[in-house]
Every structure is written in C-alpha cells, then in structure tokens.
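Novice: What follows is coords25.pdb, PDB, C-alpha atoms.
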```
ATOM      1  CA  MET E   1     -11.754 -10.426 -69.676
ATOM      2  CA  PRO E   2     -13.809 -12.396 -72.183
ATOM      3  CA  TYR E   3     -13.703 -16.187 -72.029
ATOM      4  CA  ARG E   4     -12.874 -16.262 -75.729
ATOM      5  CA  LYS E   5     -12.368 -13.889 -78.661
ATOM      6  CA  ILE E   6     -12.832 -15.046 -82.240
ATOM      7  CA  LYS E   7     -11.407 -12.994 -85.083
ATOM      8  CA  VAL E   8     -13.743 -12.507 -88.045
ATOM      9  CA  LYS E   9     -12.916 -11.073 -91.455
ATOM     10  CA  ASN E  10     -15.723  -8.531 -91.405
ATOM     11  CA  CYS E  11     -17.392  -6.744 -88.525
ATOM     12  CA  ILE E  12     -20.482  -8.590 -87.280
ATOM     13  CA  SER E  13     -23.696  -6.616 -86.861
ATOM     14  CA  HIS E  14     -26.034  -9.473 -85.845
ATOM     15  CA  ILE E  15     -25.512 -12.655 -83.861
ATOM     16  CA  LEU E  16     -27.860 -15.458 -82.750
ATOM     17  CA  TYR E  17     -27.407 -18.851 -81.125
ATOM     18  CA  LEU E  18     -28.542 -21.901 -83.068
ATOM     19  CA  PRO E  19     -30.535 -24.589 -81.180
ATOM     20  CA  SER E  20     -27.499 -26.841 -80.631
ATOM     21  CA  GLY E  21     -26.111 -24.192 -78.295
ATOM     22  CA  GLN E  22     -22.584 -24.732 -79.576
ATOM     23  CA  ARG E  23     -23.007 -22.802 -82.804
ATOM     24  CA  ILE E  24     -23.967 -19.246 -83.618
ATOM     25  CA  ILE E  25     -25.084 -17.593 -86.820
ATOM     26  CA  THR E  26     -23.770 -14.138 -87.641
ATOM     27  CA  TYR E  27     -24.478 -11.483 -90.237
ATOM     28  CA  SER E  28     -21.953  -8.986 -91.540
ATOM     29  CA  TRP E  29     -23.269  -5.678 -92.819
ATOM     30  CA  GLY E  30     -19.970  -5.042 -94.628
ATOM     31  CA  ASP E  31     -20.063  -7.899 -97.121
ATOM     32  CA  GLY E  32     -23.642  -9.110 -96.680
ATOM     33  CA  SER E  33     -22.636 -12.594 -95.514
ATOM     34  CA  PHE E  34     -24.238 -14.997 -93.042
ATOM     35  CA  GLN E  35     -21.780 -17.303 -91.299
ATOM     36  CA  VAL E  36     -22.094 -20.207 -88.876
ATOM     37  CA  TRP E  37     -19.439 -20.515 -86.178
ATOM     38  CA  ASP E  38     -18.462 -23.297 -83.789
ATOM     39  CA  LEU E  39     -17.746 -21.465 -80.529
ATOM     40  CA  GLU E  40     -15.821 -24.297 -78.925
ATOM     41  CA  ARG E  41     -13.368 -24.546 -81.811
ATOM     42  CA  GLY E  42     -13.508 -20.886 -82.763
ATOM     43  CA  THR E  43     -13.903 -21.799 -86.407
ATOM     44  CA  GLN E  44     -16.387 -21.139 -89.172
ATOM     45  CA  VAL E  45     -18.436 -24.147 -90.248
ATOM     46  CA  MET E  46     -20.571 -24.588 -93.340
ATOM     47  CA  LYS E  47     -20.281 -22.414 -96.408
ATOM     48  CA  GLU E  48     -21.270 -18.808 -95.752
ATOM     49  CA  TRP E  49     -24.501 -17.508 -97.213
ATOM     50  CA  GLU E  50     -24.598 -14.361 -99.256
ATOM     51  CA  ASP E  51     -27.107 -11.579 -98.977
ATOM     52  CA  LYS E  52     -26.438 -10.111-102.417
ATOM     53  CA  GLU E  53     -28.237  -6.875-101.653
ATOM     54  CA  ARG E  54     -26.405  -6.372 -98.335
ATOM     55  CA  GLY E  55     -29.516  -4.902 -96.828
ATOM     56  CA  VAL E  56     -30.408  -6.976 -93.751
ATOM     57  CA  PHE E  57     -31.410  -4.719 -90.879
ATOM     58  CA  VAL E  58     -32.684  -7.277 -88.361
ATOM     59  CA  ILE E  59     -32.807 -11.069 -87.958
ATOM     60  CA  ALA E  60     -34.924 -13.403 -85.814
ATOM     61  CA  LEU E  61     -34.766 -17.178 -85.463
ATOM     62  CA  SER E  62     -37.945 -19.244 -85.544
ATOM     63  CA  PRO E  63     -38.946 -21.096 -82.331
ATOM     64  CA  GLY E  64     -38.027 -24.390 -83.978
ATOM     65  CA  GLY E  65     -34.641 -23.039 -85.000
ATOM     66  CA  LYS E  66     -34.948 -24.080 -88.646
ATOM     67  CA  THR E  67     -35.785 -20.758 -90.292
ATOM     68  CA  LEU E  68     -34.375 -17.262 -90.084
ATOM     69  CA  ALA E  69     -36.523 -14.189 -90.762
ATOM     70  CA  SER E  70     -34.853 -10.992 -91.888
ATOM     71  CA  GLY E  71     -36.085  -7.429 -92.264
ATOM     72  CA  ASN E  72     -34.467  -5.744 -95.221
ATOM     73  CA  SER E  73     -33.632  -2.328 -96.609
ATOM     74  CA  ASP E  74     -35.755  -2.907 -99.725
ATOM     75  CA  GLY E  75     -38.942  -3.145 -97.636
ATOM     76  CA  THR E  76     -39.177  -6.953 -97.791
ATOM     77  CA  VAL E  77     -39.290  -9.704 -95.198
ATOM     78  CA  ARG E  78     -37.350 -12.825 -96.150
ATOM     79  CA  LEU E  79     -37.267 -16.317 -94.711
ATOM     80  CA  TRP E  80     -34.005 -18.267 -94.929
ATOM     81  CA  ASN E  81     -33.516 -22.009 -94.595
ATOM     82  CA  ILE E  82     -30.849 -22.535 -91.924
ATOM     83  CA  ASP E  83     -29.570 -25.792 -93.443
ATOM     84  CA  THR E  84     -29.196 -24.559 -97.030
ATOM     85  CA  GLY E  85     -28.669 -20.847 -96.536
ATOM     86  CA  LYS E  86     -31.239 -20.138 -99.245
ATOM     87  CA  VAL E  87     -34.130 -17.674 -99.265
ATOM     88  CA  ILE E  88     -37.322 -19.741 -99.234
ATOM     89  CA  LYS E  89     -39.860 -16.914 -99.014
ATOM     90  CA  LYS E  90     -39.858 -13.211 -99.835
ATOM     91  CA  TRP E  91     -42.762 -11.057 -98.692
ATOM     92  CA  MET E  92     -43.502  -7.606-100.084
ATOM     93  CA  GLY E  93     -46.106  -5.114 -98.987
ATOM     94  CA  HIS E  94     -44.497  -2.676 -96.582
ATOM     95  CA  THR E  95     -44.345   0.981 -97.498
ATOM     96  CA  GLY E  96     -41.027   2.684 -96.802
ATOM     97  CA  LEU E  97     -37.477   1.538 -97.392
ATOM     98  CA  TRP E  98     -36.622  -0.342 -94.220
ATOM     99  CA  VAL E  99     -38.168  -3.258 -92.374
ATOM    100  CA  ARG E 100     -36.611  -2.434 -89.028
ATOM    101  CA  SER E 101     -37.987  -5.235 -86.864
ATOM    102  CA  VAL E 102     -39.299  -8.794 -87.140
ATOM    103  CA  CYS E 103     -40.565 -11.235 -84.511
ATOM    104  CA  TRP E 104     -41.937 -14.779 -84.676
ATOM    105  CA  SER E 105     -45.077 -15.777 -82.836
ATOM    106  CA  PRO E 106     -44.365 -18.311 -80.060
ATOM    107  CA  ASN E 107     -45.679 -21.231 -82.153
ATOM    108  CA  GLY E 108     -43.814 -20.119 -85.265
ATOM    109  CA  GLY E 109     -47.004 -19.754 -87.284
ATOM    110  CA  GLN E 110     -46.831 -15.994 -87.792
ATOM    111  CA  VAL E 111     -44.240 -13.287 -88.235
ATOM    112  CA  VAL E 112     -44.863  -9.661 -87.300
ATOM    113  CA  SER E 113     -42.771  -6.976 -88.979
ATOM    114  CA  GLY E 114     -42.410  -3.225 -88.609
ATOM    115  CA  SER E 115     -41.183  -0.647 -91.116
ATOM    116  CA  ASP E 116     -39.363   2.658 -90.810
ATOM    117  CA  ARG E 117     -42.633   4.468 -91.556
ATOM    118  CA  GLY E 118     -44.284   3.028 -88.470
ATOM    119  CA  GLU E 119     -46.321   0.332 -90.188
ATOM    120  CA  ILE E 120     -46.743  -3.194 -88.820
ATOM    121  CA  ARG E 121     -47.944  -6.277 -90.643
ATOM    122  CA  VAL E 122     -48.575  -9.840 -89.477
ATOM    123  CA  TRP E 123     -47.777 -12.593 -91.977
ATOM    124  CA  ASP E 124     -48.764 -16.239 -92.146
ATOM    125  CA  ALA E 125     -45.381 -17.975 -92.053
ATOM    126  CA  GLU E 126     -46.504 -20.812 -94.326
ATOM    127  CA  SER E 127     -48.558 -19.034 -96.994
ATOM    128  CA  GLY E 128     -47.034 -15.561 -96.772
ATOM    129  CA  GLU E 129     -50.488 -14.000 -96.689
ATOM    130  CA  THR E 130     -51.005 -10.829 -94.667
ATOM    131  CA  ILE E 131     -53.108 -11.667 -91.608
ATOM    132  CA  LEU E 132     -53.100  -8.147 -90.176
ATOM    133  CA  GLY E 133     -52.013  -4.872 -91.746
ATOM    134  CA  ARG E 134     -51.344  -2.210 -92.550
ATOM    135  CA  ILE E 135     -51.452  -0.921 -88.979
ATOM    136  CA  LYS E 136     -49.942   2.490 -88.294
ATOM    137  CA  ALA E 137     -48.035   2.195 -85.037
ATOM    138  CA  GLY E 138     -46.280   5.567 -85.099
ATOM    139  CA  GLU E 139     -43.304   7.145 -86.810
ATOM    140  CA  SER E 140     -39.735   5.950 -86.244
ATOM    141  CA  LEU E 141     -40.796   2.437 -85.246
ATOM    142  CA  ASN E 142     -37.822   0.439 -83.950
ATOM    143  CA  VAL E 143     -39.148  -2.825 -82.555
ATOM    144  CA  VAL E 144     -42.102  -5.241 -82.610
ATOM    145  CA  CYS E 145     -42.517  -8.101 -80.130
ATOM    146  CA  TYR E 146     -45.097 -10.861 -79.520
ATOM    147  CA  SER E 147     -46.269 -11.601 -75.993
ATOM    148  CA  PRO E 148     -45.575 -15.175 -74.790
ATOM    149  CA  ASP E 149     -49.236 -16.185 -75.196
ATOM    150  CA  ALA E 150     -49.358 -14.569 -78.670
ATOM    151  CA  LYS E 151     -52.385 -12.485 -77.671
ATOM    152  CA  MET E 152     -50.598  -9.136 -77.832
ATOM    153  CA  ILE E 153     -47.966  -7.375 -79.901
ATOM    154  CA  ALA E 154     -45.831  -4.618 -78.400
ATOM    155  CA  THR E 155     -44.348  -1.926 -80.625
ATOM    156  CA  GLY E 156     -41.780   0.681 -79.634
ATOM    157  CA  GLY E 157     -40.034   3.652 -81.172
ATOM    158  CA  MET E 158     -39.257   7.311 -80.820
ATOM    159  CA  THR E 159     -42.906   8.235 -80.311
ATOM    160  CA  GLY E 160     -43.817   5.713 -77.625
ATOM    161  CA  LEU E 161     -44.726   2.175 -76.645
ATOM    162  CA  LYS E 162     -48.003   0.649 -77.804
ATOM    163  CA  ILE E 163     -49.765  -2.644 -77.120
ATOM    164  CA  TRP E 164     -51.962  -4.235 -79.784
ATOM    165  CA  ASP E 165     -54.412  -7.125 -79.921
ATOM    166  CA  ALA E 166     -52.564  -9.707 -82.032
ATOM    167  CA  ASP E 167     -55.787 -11.134 -83.518
ATOM    168  CA  THR E 168     -57.743  -7.981 -84.355
ATOM    169  CA  GLY E 169     -55.087  -5.275 -84.541
ATOM    170  CA  GLU E 170     -56.984  -3.192 -81.971
ATOM    171  CA  LEU E 171     -54.868  -0.726 -80.015
ATOM    172  CA  LEU E 172     -55.069  -1.754 -76.348
ATOM    173  CA  GLU E 173     -52.635   0.590 -74.594
ATOM    174  CA  THR E 174     -50.523   3.636 -75.386
ATOM    175  CA  LEU E 175     -47.654   4.267 -72.990
ATOM    176  CA  LYS E 176     -46.052   7.685 -73.111
ATOM    177  CA  VAL E 177     -42.410   6.693 -73.141
ATOM    178  CA  SER E 178     -40.066   7.618 -75.966
ATOM    179  CA  GLY E 179     -36.860   6.358 -77.479
ATOM    180  CA  ILE E 180     -37.689   2.634 -77.273
ATOM    181  CA  THR E 181     -35.226   0.527 -79.273
ATOM    182  CA  CYS E 182     -35.684  -2.972 -77.837
ATOM    183  CA  LEU E 183     -38.308  -5.028 -76.000
ATOM    184  CA  LYS E 184     -38.386  -8.328 -74.127
ATOM    185  CA  TRP E 185     -41.302 -10.095 -72.388
ATOM    186  CA  THR E 186     -40.765 -12.454 -69.480
ATOM    187  CA  SER E 187     -42.092 -15.951 -70.191
ATOM    188  CA  ASP E 188     -45.071 -15.572 -67.826
ATOM    189  CA  GLY E 189     -46.149 -12.432 -69.684
ATOM    190  CA  LYS E 190     -46.299 -10.412 -66.470
ATOM    191  CA  THR E 191     -43.387  -8.116 -67.273
ATOM    192  CA  LEU E 192     -42.331  -6.250 -70.395
ATOM    193  CA  ILE E 193     -38.778  -4.890 -70.384
ATOM    194  CA  ALA E 194     -37.955  -1.945 -72.632
ATOM    195  CA  GLY E 195     -34.579  -0.448 -73.479
ATOM    196  CA  GLY E 196     -33.560   2.797 -75.125
ATOM    197  CA  PHE E 197     -33.084   6.044 -73.191
ATOM    198  CA  GLY E 198     -33.025   3.803 -70.144
ATOM    199  CA  ILE E 199     -34.245   0.391 -68.989
ATOM    200  CA  MET E 200     -37.864   0.148 -67.855
ATOM    201  CA  LYS E 201     -39.899  -2.755 -66.494
ATOM    202  CA  PHE E 202     -43.656  -2.634 -67.018
ATOM    203  CA  ASP E 203     -46.279  -4.535 -65.044
ATOM    204  CA  THR E 204     -48.495  -5.838 -67.857
ATOM    205  CA  ALA E 205     -51.550  -6.131 -65.600
ATOM    206  CA  THR E 206     -51.649  -2.366 -65.028
ATOM    207  CA  TRP E 207     -49.148  -1.136 -67.638
ATOM    208  CA  THR E 208     -47.309   0.867 -65.003
ATOM    209  CA  VAL E 209     -43.548   1.146 -64.628
ATOM    210  CA  PHE E 210     -42.294  -0.626 -61.491
ATOM    211  CA  ASP E 211     -38.591  -0.142 -62.147
ATOM    212  CA  GLU E 212     -36.817   2.452 -64.241
ATOM    213  CA  ARG E 213     -33.177   3.272 -64.759
ATOM    214  CA  LYS E 214     -32.687   6.402 -66.805
ATOM    215  CA  MET E 215     -29.546   6.534 -68.887
ATOM    216  CA  LEU E 216     -27.983   8.869 -71.410
ATOM    217  CA  ILE E 217     -29.620   9.154 -74.819
ATOM    218  CA  PHE E 218     -29.786   5.792 -76.585
ATOM    219  CA  SER E 219     -27.629   4.271 -73.873
ATOM    220  CA  HIS E 220     -29.105   0.785 -74.171
ATOM    221  CA  THR E 221     -29.989  -0.153 -77.743
ATOM    222  CA  ALA E 222     -30.240  -3.934 -77.330
ATOM    223  CA  ILE E 223     -31.176  -6.245 -74.468
ATOM    224  CA  SER E 224     -31.039 -10.006 -73.993
ATOM    225  CA  LEU E 225     -32.750 -12.021 -71.266
ATOM    226  CA  SER E 226     -31.163 -15.162 -69.836
ATOM    227  CA  PRO E 227     -33.229 -18.354 -70.238
ATOM    228  CA  ASN E 228     -34.032 -18.573 -66.515
ATOM    229  CA  GLU E 229     -34.893 -14.833 -66.576
ATOM    230  CA  CYS E 230     -32.605 -13.944 -63.692
ATOM    231  CA  ILE E 231     -30.137 -11.858 -65.716
ATOM    232  CA  LEU E 232     -30.597  -9.104 -68.264
ATOM    233  CA  ALA E 233     -27.758  -8.072 -70.564
ATOM    234  CA  SER E 234     -27.839  -4.597 -72.096
ATOM    235  CA  LYS E 235     -25.375  -3.224 -74.606
ATOM    236  CA  SER E 236     -24.488   0.455 -74.665
ATOM    237  CA  SER E 237     -24.007   2.487 -77.823
ATOM    238  CA  LEU E 238     -21.974   5.092 -75.958
ATOM    239  CA  ASP E 239     -19.003   3.463 -74.239
ATOM    240  CA  ASN E 240     -18.386   0.107 -76.017
ATOM    241  CA  THR E 241     -19.674  -1.925 -73.077
ATOM    242  CA  THR E 242     -22.245  -4.503 -72.052
ATOM    243  CA  GLN E 243     -23.759  -4.611 -68.557
ATOM    244  CA  LEU E 244     -25.325  -7.559 -66.738
ATOM    245  CA  TRP E 245     -28.291  -6.856 -64.432
ATOM    246  CA  ASN E 246     -29.832  -8.909 -61.635
ATOM    247  CA  LEU E 247     -33.542  -8.873 -62.422
ATOM    248  CA  THR E 248     -34.472  -9.775 -58.850
ATOM    249  CA  THR E 249     -32.677  -6.828 -57.262
ATOM    250  CA  ASN E 250     -32.459  -4.591 -60.369
ATOM    251  CA  GLN E 251     -28.766  -4.075 -59.557
ATOM    252  CA  PRO E 252     -25.777  -4.480 -61.914
ATOM    253  CA  ILE E 253     -23.836  -7.733 -61.744
ATOM    254  CA  GLY E 254     -20.088  -7.254 -61.713
ATOM    255  CA  THR E 255     -18.282  -4.592 -63.703
ATOM    256  CA  LEU E 256     -18.926  -3.462 -67.245
ATOM    257  CA  LEU E 257     -17.850  -5.877 -69.987
ATOM    258  CA  HIS E 258     -15.477  -3.798 -72.089
ATOM    259  CA  HIS E 259     -14.964  -4.195 -75.836
ATOM    260  CA  GLY E 260     -12.477  -2.778 -78.299
ATOM    261  CA  HIS E 261     -15.105  -0.799 -80.201
ATOM    262  CA  ARG E 262     -18.877  -0.376 -80.555
ATOM    263  CA  VAL E 263     -20.950  -3.371 -79.461
ATOM    264  CA  ASP E 264     -23.589  -4.293 -82.028
ATOM    265  CA  SER E 265     -25.381  -7.252 -80.424
ATOM    266  CA  ALA E 266     -25.526  -9.419 -77.321
ATOM    267  CA  THR E 267     -27.243 -12.766 -76.823
ATOM    268  CA  PHE E 268     -27.286 -15.526 -74.201
ATOM    269  CA  SER E 269     -26.599 -19.161 -74.890
ATOM    270  CA  ALA E 270     -29.518 -21.555 -74.468
ATOM    271  CA  ASP E 271     -28.278 -22.600 -71.024
ATOM    272  CA  GLY E 272     -27.524 -19.026 -69.943
ATOM    273  CA  LYS E 273     -23.937 -19.790 -69.015
ATOM    274  CA  PHE E 274     -22.386 -17.736 -71.799
ATOM    275  CA  LEU E 275     -23.078 -14.360 -73.356
ATOM    276  CA  THR E 276     -21.840 -13.755 -76.872
ATOM    277  CA  THR E 277     -21.346 -10.241 -78.191
ATOM    278  CA  SER E 278     -20.299  -8.852 -81.554
ATOM    279  CA  CYS E 279     -18.075  -5.827 -81.796
ATOM    280  CA  PHE E 280     -17.058  -3.379 -84.507
ATOM    281  CA  ASP E 281     -13.414  -4.251 -83.823
ATOM    282  CA  GLY E 282     -13.751  -7.432 -85.889
ATOM    283  CA  TYR E 283     -14.115  -9.895 -83.006
ATOM    284  CA  ILE E 284     -16.810 -12.091 -81.528
ATOM    285  CA  TYR E 285     -16.585 -12.095 -77.721
ATOM    286  CA  ALA E 286     -17.760 -14.996 -75.517
ATOM    287  CA  TRP E 287     -18.222 -14.179 -71.813
ATOM    288  CA  ASP E 288     -18.364 -16.782 -69.035
ATOM    289  CA  ILE E 289     -21.481 -15.741 -67.128
ATOM    290  CA  SER E 290     -21.000 -18.460 -64.509
ATOM    291  CA  ALA E 291     -17.598 -17.046 -63.598
ATOM    292  CA  ILE E 292     -18.878 -13.460 -63.520
ATOM    293  CA  VAL E 293     -21.794 -14.418 -61.258
ATOM    294  CA  LYS E 294     -19.501 -16.372 -58.943
ATOM    295  CA  GLU E 295     -17.064 -13.468 -58.686
ATOM    296  CA  ALA E 296     -19.982 -11.159 -57.852
ATOM    297  CA  GLY E 297     -20.880 -13.420 -54.915
ATOM    298  CA  LEU E 298     -24.268 -14.463 -56.287
ATOM    299  CA  PRO E 299     -25.715 -17.997 -55.998
ATOM    300  CA  SER E 300     -25.042 -20.406 -58.855
ATOM    301  CA  ASP E 301     -28.741 -20.755 -59.688
ATOM    302  CA  THR E 302     -28.635 -17.135 -60.867
ATOM    303  CA  VAL E 303     -27.203 -18.620 -64.063
ATOM    304  CA  ALA E 304     -29.115 -21.873 -64.582
ATOM    305  CA  SER E 305     -31.867 -23.803 -62.841
ATOM    306  CA  SER E 306     -29.995 -27.094 -62.749
ATOM    307  CA  ASP E 307     -27.267 -28.901 -64.605
ATOM    308  CA  ALA E 308     -29.656 -31.790 -65.151
ATOM    309  CA  ASP E 309     -31.834 -29.632 -67.386
ATOM    310  CA  LEU E 310     -29.308 -27.268 -68.890
ATOM    311  CA  HIS E 311     -25.962 -28.297 -70.343
ATOM    312  CA  SER E 312     -22.930 -26.247 -71.214
ATOM    313  CA  SER E 313     -23.055 -24.268 -74.448
ATOM    314  CA  LEU E 314     -19.352 -24.706 -75.084
ATOM    315  CA  GLY E 315     -18.049 -28.218 -75.422
ATOM    316  CA  ALA E 316     -21.370 -30.059 -75.221
ATOM    317  CA  VAL E 317     -24.556 -30.131 -77.247
ATOM    318  CA  ASN E 318     -27.588 -28.768 -75.424
ATOM    319  CA  LYS E 319     -30.794 -30.592 -74.748
ATOM    320  CA  VAL E 320     -33.001 -27.961 -76.307
ATOM    321  CA  LYS E 321     -36.174 -26.931 -74.556
ATOM    322  CA  PRO E 322     -39.212 -26.335 -76.795
ATOM    323  CA  MET E 323     -38.752 -22.595 -76.428
ATOM    324  CA  PHE E 324     -35.009 -21.921 -76.420
ATOM    325  CA  ASN E 325     -33.709 -18.369 -76.415
ATOM    326  CA  PRO E 326     -34.768 -16.940 -79.835
ATOM    327  CA  ASP E 327     -33.342 -13.470 -79.382
ATOM    328  CA  VAL E 328     -33.861 -10.797 -81.950
ATOM    329  CA  CYS E 329     -30.858  -8.753 -82.993
ATOM    330  CA  TYR E 330     -31.273  -5.099 -83.809
ATOM    331  CA  PHE E 331     -28.691  -2.811 -85.376
ATOM    332  CA  PHE E 332     -28.712   0.856 -84.478
ATOM    333  CA  GLY E 333     -25.467   2.311 -85.697
TER     334      GLY E 333
END
```
Step by step, read the file and then write its structure as structure tokens.

Specialist:
Amino acid sequence: MPYRKIKVKNCISHILYLPSGQRIITYSWGDGSFQVWDLERGTQVMKEWEDKERGVFVIALSPGGKTLASGNSDGTVRLWNIDTGKVIKKWMGHTGLWVRSVCWSPNGGQVVSGSDRGEIRVWDAESGETILGRIKAGESLNVVCYSPDAKMIATGGMTGLKIWDADTGELLETLKVSGITCLKWTSDGKTLIAGGFGIMKFDTATWTVFDERKMLIFSHTAISLSPNECILASKSSLDNTTQLWNLTTNQPIGTLLHHGHRVDSATFSADGKFLTTSCFDGYIYAWDISAIVKEAGLPSDTVASSDADLHSSLGAVNKVKPMFNPDVCYFFG
C-alpha cells in the first residue's frame, strides 16, 4: 500500500521533486498545467502555471533547482522560472515536431535536447546559442543524457545506444541494443543503466553489458536512481506497476508496487526515503521506501547513508546536497 495518495484534478504525466524535498512539481498533459504540491499536507501550493499550447513532452530540473527545461511538441526547448512559473527562454532550431528529451549538464551551463527525427543539439543555458548541432543520432530518438563529468552524452532510441563526445560531437561508441527509452548514469560515471525492452547495466570502461534483465516489449519506460545509488525504480507500461531493484545484487526488492492505472513517472525524494509516482487514475502516490526495505529484510543503509546527512522528505526540509536528484521525466503513452 502507498504511504499516501493525493487526488489531482487532471492526470499527471510528469513529476519531479523540488530542492526542498517536501514539494514536487507536476505537469498535466490534459490541461497543460504545472502545479506545485506539498506532499506532507497533500495540498497544492502556489498558483498553477499554464502551458497554453499543452505540448510539453519532457521536463528536467536544473542542478540548482531554479529552472525547469521542457521539450515541446512544437520543436522548441523552453526554460521556466520555478518561482514565477514564467517562460524565460524559448529556443528554436530543431527539425521535426517533437523535442522528446532534454538534460542539463552537471554544472547547469548547458542543455542537450533530442528531437523525434533523431537530432541532438547542445545549447548554452545563458545565451541560448547552439554549442553543438545538428547531430544525427538515429531515428526514433527517445532520450539524451549527460555523463556526470559532462565529457560524454548518451543517446538512446529504437535504433540503438550511442555515446558522443560532449565537446566535439564526435561519435565515440555505438552499442547495438534497441528499444532504449530511458538512461541513468551512476555518479562515478562507471555504469550506465538503460531501460526499455529490459534493464541493462553497461560498464563504461569497456562498454559491455554486465547485467541484463530482458522484459516484454517496452516493459520499463522510465527509471529513477536513489540518491545513494543502492536502489533503482522502474515503472512498467504493461501492468500498472513500479518495481524496486537492489543494484548491488540486481534482485527485486519486495513486491510490485501496484497502481490503479498506467504509471507515467517515478522519482525518488532527495533523501531516497520516498518514491513518488504519478498514475493515470488521477492520483499521486507516495511510497515509503524505508518501510519497504525493512520489510524485505535489507539493511537500513540501503535507503540512506546516514540521518545526519539526509533528512526526511516528508515533514522536514532537506539539507540539499549540491547535486540533488534531478530526475528527468519521460512520457511514453
């Protein structure tokens, strides 16, 4: 059972934690609204923002937590001010209708974006100038992702997984895996986790797969990594569930987390003690990861390194680390 369910007026397609750890920002595809929610109180705070064109496909929060980048159905990338809810920058230049993926560089100075026609561009976040582009990464591009040291960019889609030099745009590696919908690097840069037809872990020194779990087609269309990188959450597009995985043993943690309808996103709190999911049934679900880990018989440090460094996401304001958990939310209906 979820720790808490919050009823929303429109189904939520995207969800991200704000740096305080107590609040989340959501986007509703139905009415094109951004909303900020207090998870402890279960109430909406601040006036909702309106995306008048109702065309946001993906959102990503800047490392500093002050700006939201969105990829849009009109081929633009937009930057939103979190405090005002206003668009502060609008970048044009992609060919194709959809910007399907966006990702901030670790220092927040650049944004990489990918379009439905397989084109990637790197933008200067301050000036809006194109630093790299147009780079053809392959048709049906689903996701772009900076490495932790900002030296590489990974791109994934139906036609494979590719690794690019983030400074020159040179293609470094082509990995013959298909159906990639989501990517996540570990903070040391040694592992790249990919989801889609299954879940794969790549050793970035050799670019070989050292763990693979094959699933049904498009079984895992979004993944989220806990801040201490001990737990991976994957949401399934097939059976309305989310699964927690122990990244040390590569085994599932506990039973499937069941929802009333299709799960559209999943993201960890900044302290890793809660997972928040959005569902097509009109609810936001908050799951107590500490309780799930305890019930599974795993040690408490599977959730957080120490209470001195990480504070509860519900009921207390976090002490935010310089790089909190800036998940990217993808929507694959």

Novice: Between atom CA of Asp167 of chain E and atom CA of Gly133 of chain E, what is the spacing in Å?

Specialist: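 So the two atoms, atom CA of Gly133 of chain E and atom CA of Asp167 of chain E, lie 11.0 Å apart.
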
Novice: For segment 136-147 of chain E, work out the shell of residues within 6 Å, counting all atoms listed in the file and skipping chain neighbours fewer than 4 positions away, then give it as a ChimeraX atom specification.

Specialist: /E:100-101,103,105,116-119,152-158,181-182

Novice: Can I get the residues of segment 123-188 of chain E within 9 Å of segment 220-235 of chain E, each with the closest pair of atoms and their distance in Å to one decimal, using only C-alpha atoms, sorted chain first then ascending number, as JSON lines?

Specialist:
```
{"residue": "E:Ile180", "atom": "CA", "partner": "E:Thr221", "partner_atom": "CA", "distance": 8.2}
{"residue": "E:Thr181", "atom": "CA", "partner": "E:Thr221", "partner_atom": "CA", "distance": 5.5}
{"residue": "E:Cys182", "atom": "CA", "partner": "E:Ala222", "partner_atom": "CA", "distance": 5.6}
{"residue": "E:Leu183", "atom": "CA", "partner": "E:Ile223", "partner_atom": "CA", "distance": 7.4}
{"residue": "E:Lys184", "atom": "CA", "partner": "E:Leu225", "partner_atom": "CA", "distance": 7.3}
{"residue": "E:Trp185", "atom": "CA", "partner": "E:Leu225", "partner_atom": "CA", "distance": 8.8}
{"residue": "E:Thr186", "atom": "CA", "partner": "E:Glu229", "partner_atom": "CA", "distance": 7.0}
{"residue": "E:Ser187", "atom": "CA", "partner": "E:Glu229", "partner_atom": "CA", "distance": 8.1}
```

Novice: Evaluating the PyMOL selection byres ((chain E and resi 41-45) around 10) on the displayed file yields which residues, as a VMD selection string?

Specialist: chain E and resid 4 to 8 22 to 25 35 to 40 46 to 48 284 314 to 315

Novice: Would you please work out which residue, of E:Asn246, E:Thr174, E:Ser265, E:Ser20, is nearest to Thr302 of chain E when using all atoms listed in the file?

Specialist: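 Nearest candidate to Thr302 of chain E out of E:Asn246, E:Thr174, E:Ser265, E:Ser20: E:Asn246.
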
Novice: For the atom pair atom CA of Leu16 of chain E and atom CA of Ala69 of chain E, what is the interatomic distance in Å to one decimal place?

Specialist: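 These two atoms are separated by 11.9 Å.
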
Novice: Give the answer as one residue: which of E:Asn10, E:Thr204, E:Asn250, E:Thr67 has the shortest atom-to-atom distance to Gly109 of chain E, using only C-alpha atoms?

Specialist: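 Looking at the shortest contact to Gly109 of chain E, the residue is E:Thr67.
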
Novice: Take the PyMOL selection byres ((chain E and resi 80) around 12), apply it to the structure above, and return the hits as a PyMOL selection string.

Specialist: chain E and resi 34+49-51+56+59-62+65-71+77-79+81-91+125

Novice: Can you tell me how far atom CA of Phe274 of chain E sits from atom CA of Trp287 of chain E, in Å to one decimal?

Specialist: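 Atom CA of Phe274 of chain E sits 5.5 Å away from atom CA of Trp287 of chain E.
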